$ cat entry_27.cif   # mmCIF, N, CA and C atoms
data_upload
#
loop_
_atom_site.label_atom_id
_atom_site.label_comp_id
_atom_site.auth_asym_id
_atom_site.auth_seq_id
_atom_site.Cartn_x
_atom_site.Cartn_y
_atom_site.Cartn_z
N MET S 1 81.11 194.44 87.74
CA MET S 1 80.20 194.06 88.80
C MET S 1 79.97 192.55 88.72
N ASN S 2 80.12 191.83 89.84
CA ASN S 2 79.83 190.41 89.82
C ASN S 2 78.58 190.13 90.64
N ASP S 3 78.10 188.89 90.56
CA ASP S 3 76.85 188.50 91.23
C ASP S 3 76.89 188.70 92.73
N ASN S 4 78.07 188.61 93.33
CA ASN S 4 78.17 188.76 94.78
C ASN S 4 77.98 190.20 95.24
N ASP S 5 78.06 191.16 94.30
CA ASP S 5 77.90 192.57 94.65
C ASP S 5 76.44 192.98 94.77
N VAL S 6 75.52 192.14 94.35
CA VAL S 6 74.10 192.48 94.35
C VAL S 6 73.44 191.87 95.57
N THR S 7 73.10 192.70 96.54
CA THR S 7 72.40 192.23 97.73
C THR S 7 71.22 193.17 97.98
N PRO S 8 70.02 192.72 97.64
CA PRO S 8 68.86 193.59 97.78
C PRO S 8 68.46 193.74 99.24
N ALA S 9 67.94 194.89 99.55
CA ALA S 9 67.34 195.10 100.87
C ALA S 9 65.98 194.42 100.87
N PRO S 10 65.56 193.91 102.01
CA PRO S 10 64.21 193.33 102.05
C PRO S 10 63.19 194.39 101.67
N PRO S 11 62.13 193.97 101.00
CA PRO S 11 61.10 194.95 100.64
C PRO S 11 60.50 195.57 101.89
N ALA S 12 60.18 196.83 101.80
CA ALA S 12 59.62 197.54 102.94
C ALA S 12 58.21 197.06 103.26
N SER S 13 57.45 196.72 102.24
CA SER S 13 56.04 196.42 102.48
C SER S 13 55.50 195.43 101.46
N VAL S 14 54.68 194.49 101.97
CA VAL S 14 54.04 193.48 101.13
C VAL S 14 52.53 193.61 101.29
N LEU S 15 51.81 193.64 100.19
CA LEU S 15 50.35 193.62 100.21
C LEU S 15 49.91 192.20 99.90
N ILE S 16 49.16 191.59 100.82
CA ILE S 16 48.62 190.25 100.61
C ILE S 16 47.14 190.39 100.27
N VAL S 17 46.76 189.83 99.12
CA VAL S 17 45.36 189.88 98.68
C VAL S 17 44.84 188.45 98.67
N ASP S 18 43.97 188.15 99.62
CA ASP S 18 43.43 186.80 99.73
C ASP S 18 42.12 186.85 100.50
N GLY S 19 41.08 186.26 99.95
CA GLY S 19 39.77 186.28 100.58
C GLY S 19 39.65 185.33 101.75
N ASP S 20 40.57 184.38 101.87
CA ASP S 20 40.55 183.44 102.98
C ASP S 20 41.27 184.10 104.16
N THR S 21 40.50 184.55 105.13
CA THR S 21 41.04 185.32 106.26
C THR S 21 42.12 184.55 107.00
N ILE S 22 41.91 183.26 107.23
CA ILE S 22 42.89 182.47 107.98
C ILE S 22 44.20 182.37 107.21
N VAL S 23 44.12 182.09 105.92
CA VAL S 23 45.32 182.00 105.08
C VAL S 23 46.03 183.34 105.04
N ARG S 24 45.27 184.41 104.78
CA ARG S 24 45.86 185.75 104.67
C ARG S 24 46.54 186.16 105.97
N ARG S 25 45.87 185.99 107.08
CA ARG S 25 46.44 186.42 108.36
C ARG S 25 47.62 185.56 108.78
N SER S 26 47.57 184.28 108.47
CA SER S 26 48.69 183.40 108.81
C SER S 26 49.95 183.83 108.06
N LEU S 27 49.81 184.09 106.76
CA LEU S 27 50.96 184.54 105.98
C LEU S 27 51.42 185.91 106.46
N ALA S 28 50.47 186.81 106.73
CA ALA S 28 50.82 188.16 107.20
C ALA S 28 51.60 188.08 108.52
N ASP S 29 51.13 187.28 109.44
CA ASP S 29 51.82 187.13 110.73
C ASP S 29 53.23 186.59 110.53
N ALA S 30 53.36 185.60 109.67
CA ALA S 30 54.69 185.01 109.42
C ALA S 30 55.63 186.03 108.79
N LEU S 31 55.15 186.78 107.81
CA LEU S 31 56.00 187.79 107.17
C LEU S 31 56.39 188.88 108.16
N ARG S 32 55.46 189.26 109.03
CA ARG S 32 55.78 190.26 110.05
C ARG S 32 56.89 189.75 110.98
N ARG S 33 56.84 188.46 111.32
CA ARG S 33 57.90 187.89 112.16
C ARG S 33 59.25 187.96 111.48
N PHE S 34 59.26 187.95 110.14
CA PHE S 34 60.50 188.07 109.39
C PHE S 34 60.89 189.54 109.17
N GLY S 35 60.12 190.47 109.72
CA GLY S 35 60.48 191.88 109.65
C GLY S 35 59.83 192.67 108.55
N TYR S 36 58.92 192.08 107.80
CA TYR S 36 58.25 192.80 106.73
C TYR S 36 57.06 193.60 107.27
N LEU S 37 56.79 194.73 106.63
CA LEU S 37 55.56 195.47 106.89
C LEU S 37 54.51 194.87 105.97
N VAL S 38 53.34 194.58 106.51
CA VAL S 38 52.32 193.89 105.73
C VAL S 38 51.01 194.65 105.77
N THR S 39 50.39 194.77 104.59
CA THR S 39 49.04 195.30 104.47
C THR S 39 48.19 194.16 103.92
N GLU S 40 46.99 194.03 104.43
CA GLU S 40 46.11 192.95 104.02
C GLU S 40 44.90 193.48 103.27
N ALA S 41 44.49 192.74 102.24
CA ALA S 41 43.27 193.06 101.49
C ALA S 41 42.52 191.76 101.25
N ALA S 42 41.20 191.79 101.45
CA ALA S 42 40.38 190.60 101.27
C ALA S 42 39.97 190.39 99.82
N ASN S 43 40.09 191.43 98.98
CA ASN S 43 39.69 191.31 97.58
C ASN S 43 40.42 192.37 96.75
N SER S 44 40.19 192.33 95.44
CA SER S 44 40.91 193.25 94.55
C SER S 44 40.50 194.71 94.78
N ASP S 45 39.27 194.94 95.19
CA ASP S 45 38.83 196.32 95.44
C ASP S 45 39.59 196.93 96.63
N GLU S 46 39.73 196.16 97.71
CA GLU S 46 40.51 196.63 98.86
C GLU S 46 41.97 196.82 98.46
N ALA S 47 42.47 195.95 97.59
CA ALA S 47 43.86 196.06 97.15
C ALA S 47 44.08 197.36 96.38
N VAL S 48 43.17 197.71 95.48
CA VAL S 48 43.31 198.96 94.72
C VAL S 48 43.29 200.16 95.67
N ILE S 49 42.40 200.13 96.65
CA ILE S 49 42.35 201.23 97.63
C ILE S 49 43.69 201.35 98.35
N ALA S 50 44.26 200.22 98.77
CA ALA S 50 45.55 200.24 99.46
C ALA S 50 46.65 200.76 98.53
N LEU S 51 46.63 200.32 97.27
CA LEU S 51 47.67 200.74 96.33
C LEU S 51 47.56 202.21 95.95
N GLN S 52 46.38 202.78 96.09
CA GLN S 52 46.19 204.20 95.80
C GLN S 52 46.42 205.09 97.03
N ALA S 53 46.52 204.50 98.19
CA ALA S 53 46.67 205.28 99.42
C ALA S 53 48.03 205.96 99.44
N PRO S 54 48.06 207.28 99.54
CA PRO S 54 49.34 207.99 99.53
C PRO S 54 50.20 207.72 100.77
N THR S 55 49.58 207.22 101.82
CA THR S 55 50.33 206.99 103.06
C THR S 55 50.94 205.59 103.13
N LEU S 56 50.60 204.72 102.19
CA LEU S 56 51.14 203.36 102.19
C LEU S 56 52.23 203.22 101.14
N SER S 57 53.33 202.65 101.53
CA SER S 57 54.40 202.34 100.59
C SER S 57 54.41 200.82 100.42
N ILE S 58 54.02 200.35 99.26
CA ILE S 58 53.94 198.91 98.99
C ILE S 58 54.91 198.58 97.87
N ASP S 59 55.74 197.55 98.13
CA ASP S 59 56.74 197.13 97.15
C ASP S 59 56.33 195.89 96.37
N ILE S 60 55.63 194.99 97.05
CA ILE S 60 55.29 193.70 96.46
C ILE S 60 53.84 193.37 96.76
N VAL S 61 53.15 192.82 95.77
CA VAL S 61 51.78 192.34 95.95
C VAL S 61 51.79 190.83 95.75
N VAL S 62 51.27 190.10 96.73
CA VAL S 62 51.07 188.65 96.62
C VAL S 62 49.56 188.45 96.62
N CYS S 63 49.03 187.96 95.51
CA CYS S 63 47.58 187.89 95.32
C CYS S 63 47.14 186.46 95.00
N ASP S 64 46.14 185.98 95.73
CA ASP S 64 45.53 184.69 95.43
C ASP S 64 44.93 184.76 94.03
N ILE S 65 45.22 183.78 93.23
CA ILE S 65 44.75 183.77 91.85
C ILE S 65 43.22 183.75 91.75
N GLY S 66 42.58 183.30 92.82
CA GLY S 66 41.12 183.26 92.84
C GLY S 66 40.50 184.43 93.59
N ALA S 67 41.25 185.51 93.74
CA ALA S 67 40.78 186.66 94.52
C ALA S 67 39.47 187.20 93.97
N ASP S 68 38.59 187.58 94.88
CA ASP S 68 37.31 188.18 94.52
C ASP S 68 37.47 189.67 94.32
N GLY S 69 36.41 190.30 93.87
CA GLY S 69 36.39 191.75 93.70
C GLY S 69 35.96 192.13 92.31
N THR S 70 35.93 193.42 92.07
CA THR S 70 35.56 193.93 90.75
C THR S 70 36.51 193.43 89.68
N ARG S 71 37.78 193.31 90.04
CA ARG S 71 38.79 192.80 89.12
C ARG S 71 39.19 191.39 89.56
N SER S 72 39.49 190.55 88.61
CA SER S 72 40.09 189.25 88.92
C SER S 72 41.52 189.49 89.37
N ALA S 73 42.19 188.44 89.80
CA ALA S 73 43.60 188.56 90.16
C ALA S 73 44.42 189.03 88.95
N PHE S 74 44.08 188.51 87.77
CA PHE S 74 44.78 188.93 86.57
C PHE S 74 44.47 190.39 86.25
N GLY S 75 43.22 190.78 86.47
CA GLY S 75 42.83 192.18 86.28
C GLY S 75 43.57 193.10 87.23
N LEU S 76 43.71 192.68 88.48
CA LEU S 76 44.46 193.47 89.46
C LEU S 76 45.92 193.60 89.04
N ALA S 77 46.51 192.50 88.58
CA ALA S 77 47.90 192.55 88.11
C ALA S 77 48.04 193.52 86.94
N GLY S 78 47.09 193.50 86.02
CA GLY S 78 47.12 194.44 84.90
C GLY S 78 46.95 195.87 85.35
N TRP S 79 46.03 196.10 86.29
CA TRP S 79 45.83 197.44 86.84
C TRP S 79 47.12 197.93 87.49
N ALA S 80 47.77 197.06 88.26
CA ALA S 80 49.00 197.44 88.94
C ALA S 80 50.11 197.77 87.93
N ARG S 81 50.23 196.97 86.86
CA ARG S 81 51.25 197.26 85.84
C ARG S 81 51.01 198.63 85.21
N GLN S 82 49.74 198.99 85.02
CA GLN S 82 49.42 200.27 84.40
C GLN S 82 49.61 201.45 85.36
N HIS S 83 49.16 201.30 86.60
CA HIS S 83 49.16 202.41 87.55
C HIS S 83 50.35 202.44 88.49
N ARG S 84 50.98 201.30 88.74
CA ARG S 84 52.11 201.20 89.66
C ARG S 84 53.17 200.27 89.05
N PRO S 85 53.77 200.67 87.92
CA PRO S 85 54.68 199.76 87.21
C PRO S 85 55.91 199.35 88.01
N GLU S 86 56.22 200.07 89.08
CA GLU S 86 57.39 199.72 89.90
C GLU S 86 57.12 198.53 90.81
N LEU S 87 55.85 198.14 90.97
CA LEU S 87 55.48 197.05 91.86
C LEU S 87 55.86 195.70 91.30
N GLU S 88 56.22 194.80 92.20
CA GLU S 88 56.36 193.39 91.86
C GLU S 88 55.03 192.76 92.23
N VAL S 89 54.35 192.13 91.28
CA VAL S 89 53.07 191.49 91.54
C VAL S 89 53.22 190.01 91.24
N ARG S 90 52.85 189.17 92.22
CA ARG S 90 52.91 187.73 92.03
C ARG S 90 51.56 187.13 92.39
N LEU S 91 51.10 186.26 91.52
CA LEU S 91 49.85 185.56 91.75
C LEU S 91 50.15 184.21 92.38
N ALA S 92 49.34 183.84 93.36
CA ALA S 92 49.56 182.59 94.09
C ALA S 92 48.37 181.67 93.89
N GLY S 93 48.64 180.42 93.73
CA GLY S 93 47.57 179.45 93.59
C GLY S 93 48.09 178.21 92.90
N THR S 94 47.18 177.39 92.48
CA THR S 94 47.54 176.17 91.78
C THR S 94 47.24 176.34 90.29
N LEU S 95 47.84 175.49 89.49
CA LEU S 95 47.58 175.53 88.07
C LEU S 95 46.09 175.31 87.81
N GLU S 96 45.49 174.42 88.57
CA GLU S 96 44.06 174.15 88.40
C GLU S 96 43.23 175.39 88.68
N SER S 97 43.57 176.13 89.76
CA SER S 97 42.80 177.33 90.06
C SER S 97 43.01 178.39 88.99
N ALA S 98 44.20 178.46 88.43
CA ALA S 98 44.46 179.42 87.35
C ALA S 98 43.64 179.07 86.12
N MET S 99 43.60 177.79 85.80
CA MET S 99 42.84 177.37 84.62
C MET S 99 41.36 177.59 84.84
N ASN S 100 40.89 177.44 86.06
CA ASN S 100 39.48 177.67 86.35
C ASN S 100 39.14 179.15 86.32
N THR S 101 40.12 180.01 86.56
CA THR S 101 39.89 181.45 86.55
C THR S 101 39.95 182.00 85.13
N VAL S 102 41.09 181.79 84.49
CA VAL S 102 41.30 182.26 83.12
C VAL S 102 42.63 181.72 82.66
N VAL S 103 42.77 181.47 81.37
CA VAL S 103 44.02 180.97 80.84
C VAL S 103 44.75 182.13 80.18
N LEU S 104 45.89 182.48 80.75
CA LEU S 104 46.75 183.54 80.22
C LEU S 104 48.18 183.06 80.24
N PRO S 105 49.04 183.64 79.39
CA PRO S 105 50.45 183.27 79.46
C PRO S 105 51.02 183.60 80.84
N CYS S 106 51.96 182.79 81.25
CA CYS S 106 52.59 183.01 82.56
C CYS S 106 53.36 184.31 82.55
N GLU S 107 53.36 184.99 83.72
CA GLU S 107 54.17 186.19 83.86
C GLU S 107 55.60 185.76 84.14
N ARG S 108 56.51 186.73 84.13
CA ARG S 108 57.91 186.48 84.39
C ARG S 108 58.07 185.74 85.71
N GLY S 109 58.84 184.69 85.69
CA GLY S 109 59.18 184.00 86.93
C GLY S 109 58.18 182.93 87.33
N ARG S 110 58.52 182.29 88.44
CA ARG S 110 57.68 181.23 88.99
C ARG S 110 56.49 181.84 89.69
N HIS S 111 55.55 180.99 90.07
CA HIS S 111 54.42 181.47 90.85
C HIS S 111 54.46 180.81 92.23
N LEU S 112 53.75 181.39 93.15
CA LEU S 112 53.68 180.85 94.50
C LEU S 112 52.53 179.86 94.58
N VAL S 113 52.67 178.89 95.43
CA VAL S 113 51.66 177.86 95.58
C VAL S 113 51.05 177.97 96.98
N ARG S 114 49.73 177.83 97.03
CA ARG S 114 49.03 177.79 98.31
C ARG S 114 48.81 176.34 98.67
N PRO S 115 48.81 175.93 99.90
CA PRO S 115 48.99 176.78 101.08
C PRO S 115 50.43 177.29 101.14
N TYR S 116 50.57 178.49 101.69
CA TYR S 116 51.86 179.15 101.76
C TYR S 116 52.78 178.47 102.77
N GLU S 117 54.03 178.38 102.41
CA GLU S 117 55.08 178.01 103.34
C GLU S 117 55.81 179.33 103.60
N PRO S 118 55.64 179.94 104.78
CA PRO S 118 56.19 181.29 105.02
C PRO S 118 57.67 181.43 104.67
N GLU S 119 58.48 180.43 105.02
CA GLU S 119 59.91 180.53 104.71
C GLU S 119 60.13 180.53 103.20
N ALA S 120 59.32 179.76 102.48
CA ALA S 120 59.45 179.73 101.02
C ALA S 120 59.04 181.06 100.41
N VAL S 121 58.02 181.72 100.98
CA VAL S 121 57.59 183.02 100.47
C VAL S 121 58.70 184.04 100.70
N VAL S 122 59.34 184.01 101.87
CA VAL S 122 60.44 184.93 102.15
C VAL S 122 61.59 184.69 101.17
N ALA S 123 61.95 183.43 100.96
CA ALA S 123 63.03 183.11 100.01
C ALA S 123 62.65 183.56 98.60
N TYR S 124 61.40 183.37 98.23
CA TYR S 124 60.91 183.78 96.92
C TYR S 124 61.01 185.28 96.74
N ILE S 125 60.57 186.02 97.77
CA ILE S 125 60.63 187.49 97.71
C ILE S 125 62.07 187.95 97.58
N LEU S 126 62.96 187.37 98.37
CA LEU S 126 64.38 187.76 98.29
C LEU S 126 64.96 187.45 96.92
N SER S 127 64.63 186.28 96.35
CA SER S 127 65.17 185.96 95.02
C SER S 127 64.61 186.90 93.96
N MET S 128 63.35 187.29 94.13
CA MET S 128 62.73 188.23 93.20
C MET S 128 63.45 189.58 93.27
N ARG S 129 63.79 190.01 94.49
CA ARG S 129 64.49 191.28 94.66
C ARG S 129 65.90 191.22 94.08
N VAL S 130 66.58 190.08 94.21
CA VAL S 130 67.90 189.91 93.61
C VAL S 130 67.80 190.06 92.10
N GLU S 131 66.81 189.39 91.50
CA GLU S 131 66.61 189.48 90.05
C GLU S 131 66.33 190.91 89.62
N SER S 132 65.49 191.62 90.37
CA SER S 132 65.18 193.01 90.04
C SER S 132 66.44 193.88 90.14
N ALA S 133 67.23 193.64 91.18
CA ALA S 133 68.47 194.41 91.35
C ALA S 133 69.43 194.13 90.20
N ARG S 134 69.53 192.88 89.78
CA ARG S 134 70.40 192.54 88.64
C ARG S 134 69.93 193.22 87.36
N MET S 135 68.61 193.19 87.13
CA MET S 135 68.07 193.83 85.93
C MET S 135 68.32 195.34 85.97
N TYR S 136 68.16 195.94 87.13
CA TYR S 136 68.40 197.38 87.27
C TYR S 136 69.87 197.68 87.03
N ALA S 137 70.76 196.89 87.64
CA ALA S 137 72.19 197.11 87.47
C ALA S 137 72.60 196.95 86.01
N ALA S 138 72.03 195.96 85.34
CA ALA S 138 72.36 195.72 83.93
C ALA S 138 71.86 196.87 83.06
N SER S 139 70.75 197.48 83.42
CA SER S 139 70.21 198.56 82.61
C SER S 139 71.02 199.83 82.76
N ARG S 140 71.80 199.94 83.83
CA ARG S 140 72.61 201.13 84.07
C ARG S 140 73.93 201.08 83.30
N TRP S 141 74.30 199.90 82.81
CA TRP S 141 75.57 199.78 82.08
C TRP S 141 75.38 200.08 80.68
#
$ encode --input "entry_27.cif" --output "structure tokens"
Amino acid sequence: MNDNDVTPAPPASVLIVDGDTIVRRSLADALRRFGYLVTEAANSDEAVIALQAPTLSIDIVVCDIGADGTRSAFGLAGWARQHRPELEVRLAGTLESAMNTVVLPCERGRHLVRPYEPEAVVAYILSMRVESARMYAASRW
């Protein structure tokens, strides 16, 4: 198998977690224009409800690092790893906002920066899916 054989399908659904309504809706609208199904959550509590909903199929979570709610963005990422390990969870923000929230080791891969550039988010999601497909293919050998 060579690298050219791995072409991931676009994710079926993206959950955007961001308390800034304008930012969240702008990114959601842009992703929808690119053909993604999008669910929006204003905080980590709404995100958990969406992730537990049996009628929603969510593949990727993009969460503002400063997200409000019962859980911090890092807490939501940990909850997702425990309850939905198949999810790709990415935290978005600046290094300064991360340091102001909590200092933790970086997760696998790069992070997204706000304000969002919709085309960059789409490219990021596609590259993330390629990496996941490669890891899956490698684990099957």
$ residues_around --input "entry_27.cif" --residues "segment 26-35 of chain S" --least-positions-apart "5" --cutoff "8 Å" --atoms "all atoms listed in the file" --output "list in words"
Pro10, Pro11, Ala12, Ser13, Ile16, Asp20, Thr21, Glu40, Tyr116, Glu117, Pro118, Glu119, Val121 and Val122 of chain S
$ select_by_dssp --input "entry_27.cif" --residues "segment 12-62 of chain S" --states "strand (DSSP E)" --output "list of chain:residue names"
S:Ser13, S:Val14, S:Leu15, S:Ile16, S:Val17, S:Leu37, S:Val38, S:Thr39, S:Glu40, S:Ala41, S:Ile60, S:Val61, S:Val62
$ write_last_selection --input "entry_27.cif" --atoms "N, CA and C atoms" --output "PDB file, in the coordinates of the input"
ATOM      1  N   SER S  13      57.450 196.720 102.240  1.00  0.00           N
ATOM      2  CA  SER S  13      56.040 196.420 102.480  1.00  0.00           C
ATOM      3  C   SER S  13      55.500 195.430 101.460  1.00  0.00           C
ATOM      4  N   VAL S  14      54.680 194.490 101.970  1.00  0.00           N
ATOM      5  CA  VAL S  14      54.040 193.480 101.130  1.00  0.00           C
ATOM      6  C   VAL S  14      52.530 193.610 101.290  1.00  0.00           C
ATOM      7  N   LEU S  15      51.810 193.640 100.190  1.00  0.00           N
ATOM      8  CA  LEU S  15      50.350 193.620 100.210  1.00  0.00           C
ATOM      9  C   LEU S  15      49.910 192.200  99.900  1.00  0.00           C
ATOM     10  N   ILE S  16      49.160 191.590 100.820  1.00  0.00           N
ATOM     11  CA  ILE S  16      48.620 190.250 100.610  1.00  0.00           C
ATOM     12  C   ILE S  16      47.140 190.390 100.270  1.00  0.00           C
ATOM     13  N   VAL S  17      46.760 189.830  99.120  1.00  0.00           N
ATOM     14  CA  VAL S  17      45.360 189.880  98.680  1.00  0.00           C
ATOM     15  C   VAL S  17      44.840 188.450  98.670  1.00  0.00           C
ATOM     16  N   LEU S  37      56.790 194.730 106.630  1.00  0.00           N
ATOM     17  CA  LEU S  37      55.560 195.470 106.890  1.00  0.00           C
ATOM     18  C   LEU S  37      54.510 194.870 105.970  1.00  0.00           C
ATOM     19  N   VAL S  38      53.340 194.580 106.510  1.00  0.00           N
ATOM     20  CA  VAL S  38      52.320 193.890 105.730  1.00  0.00           C
ATOM     21  C   VAL S  38      51.010 194.650 105.770  1.00  0.00           C
ATOM     22  N   THR S  39      50.390 194.770 104.590  1.00  0.00           N
ATOM     23  CA  THR S  39      49.040 195.300 104.470  1.00  0.00           C
ATOM     24  C   THR S  39      48.190 194.160 103.920  1.00  0.00           C
ATOM     25  N   GLU S  40      46.990 194.030 104.430  1.00  0.00           N
ATOM     26  CA  GLU S  40      46.110 192.950 104.020  1.00  0.00           C
ATOM     27  C   GLU S  40      44.900 193.480 103.270  1.00  0.00           C
ATOM     28  N   ALA S  41      44.490 192.740 102.240  1.00  0.00           N
ATOM     29  CA  ALA S  41      43.270 193.060 101.490  1.00  0.00           C
ATOM     30  C   ALA S  41      42.520 191.760 101.250  1.00  0.00           C
ATOM     31  N   ILE S  60      55.630 194.990  97.050  1.00  0.00           N
ATOM     32  CA  ILE S  60      55.290 193.700  96.460  1.00  0.00           C
ATOM     33  C   ILE S  60      53.840 193.370  96.760  1.00  0.00           C
ATOM     34  N   VAL S  61      53.150 192.820  95.770  1.00  0.00           N
ATOM     35  CA  VAL S  61      51.780 192.340  95.950  1.00  0.00           C
ATOM     36  C   VAL S  61      51.790 190.830  95.750  1.00  0.00           C
ATOM     37  N   VAL S  62      51.270 190.100  96.730  1.00  0.00           N
ATOM     38  CA  VAL S  62      51.070 188.650  96.620  1.00  0.00           C
ATOM     39  C   VAL S  62      49.560 188.450  96.620  1.00  0.00           C
TER      40      VAL S  62
END
$ atom_distance --input "entry_27.cif" --atom1 "atom N of Asn43 of chain S" --atom2 "atom C of Leu87 of chain S"
18.1 Å
$ residues_around --input "entry_27.cif" --residues "Asp18 of chain S" --least-positions-apart "3" --cutoff "8 Å" --atoms "only N, CA and C atoms" --output "PyMOL selection string"
chain S and resi 15+21-25+40-44+62-68
$ atom_distance --input "entry_27.cif" --atom1 "atom CA of Ala47 of chain S" --atom2 "atom CA of Arg134 of chain S"
28.1 Å
$ atom_distance --input "entry_27.cif" --atom1 "atom C of Ser72 of chain S" --atom2 "atom CA of Met128 of chain S"
21.6 Å
$ residues_around --input "entry_27.cif" --residues "Leu91 of chain S" --least-positions-apart "2" --cutoff "8 Å" --atoms "all atoms listed in the file" --output "tab-separated table (two decimals) with N, CA and C atoms, keeping the file's coordinate frame"
chain	number	residue	atom	x	y	z
S	61	VAL	N	53.15	192.82	95.77
S	61	VAL	CA	51.78	192.34	95.95
S	61	VAL	C	51.79	190.83	95.75
S	62	VAL	N	51.27	190.10	96.73
S	62	VAL	CA	51.07	188.65	96.62
S	62	VAL	C	49.56	188.45	96.62
S	63	CYS	N	49.03	187.96	95.51
S	63	CYS	CA	47.58	187.89	95.32
S	63	CYS	C	47.14	186.46	95.00
S	64	ASP	N	46.14	185.98	95.73
S	64	ASP	CA	45.53	184.69	95.43
S	64	ASP	C	44.93	184.76	94.03
S	65	ILE	N	45.22	183.78	93.23
S	65	ILE	CA	44.75	183.77	91.85
S	65	ILE	C	43.22	183.75	91.75
S	66	GLY	N	42.58	183.30	92.82
S	66	GLY	CA	41.12	183.26	92.84
S	66	GLY	C	40.50	184.43	93.59
S	73	ALA	N	42.19	188.44	89.80
S	73	ALA	CA	43.60	188.56	90.16
S	73	ALA	C	44.42	189.03	88.95
S	74	PHE	N	44.08	188.51	87.77
S	74	PHE	CA	44.78	188.93	86.57
S	74	PHE	C	44.47	190.39	86.25
S	77	ALA	N	46.51	192.50	88.58
S	77	ALA	CA	47.90	192.55	88.11
S	77	ALA	C	48.04	193.52	86.94
S	88	GLU	N	56.22	194.80	92.20
S	88	GLU	CA	56.36	193.39	91.86
S	88	GLU	C	55.03	192.76	92.23
S	89	VAL	N	54.35	192.13	91.28
S	89	VAL	CA	53.07	191.49	91.54
S	89	VAL	C	53.22	190.01	91.24
S	93	GLY	N	48.64	180.42	93.73
S	93	GLY	CA	47.57	179.45	93.59
S	93	GLY	C	48.09	178.21	92.90
S	94	THR	N	47.18	177.39	92.48
S	94	THR	CA	47.54	176.17	91.78
S	94	THR	C	47.24	176.34	90.29
S	110	ARG	N	58.52	182.29	88.44
S	110	ARG	CA	57.68	181.23	88.99
S	110	ARG	C	56.49	181.84	89.69
S	111	HIS	N	55.55	180.99	90.07
S	111	HIS	CA	54.42	181.47	90.85
S	111	HIS	C	54.46	180.81	92.23
S	112	LEU	N	53.75	181.39	93.15
S	112	LEU	CA	53.68	180.85	94.50
S	112	LEU	C	52.53	179.86	94.58
S	113	VAL	N	52.67	178.89	95.43
S	113	VAL	CA	51.66	177.86	95.58
S	113	VAL	C	51.05	177.97	96.98
S	114	ARG	N	49.73	177.83	97.03
S	114	ARG	CA	49.03	177.79	98.31
S	114	ARG	C	48.81	176.34	98.67
$ select_by_dssp --input "entry_27.cif" --residues "segment 13-104 of chain S" --states "alpha helix (DSSP H)" --output "MDAnalysis selection string"
chainID S and resid 21:33 44:52 73:83 95:101
$ closest_residue --input "entry_27.cif" --among "S:Ile58, S:Leu51, S:Ala120, S:Ile125" --to "His83 of chain S" --atoms "only C-alpha atoms"
S:Leu51
$ axis_aligned_box --input "entry_27.cif" --around "segment 80-90 of chain S" --padding-each-side "5 Å" --output "JSON"
{"center_x": 52.6, "center_y": 194.8, "center_z": 88.4, "size_x": 19.6, "size_y": 25.3, "size_z": 18.0}
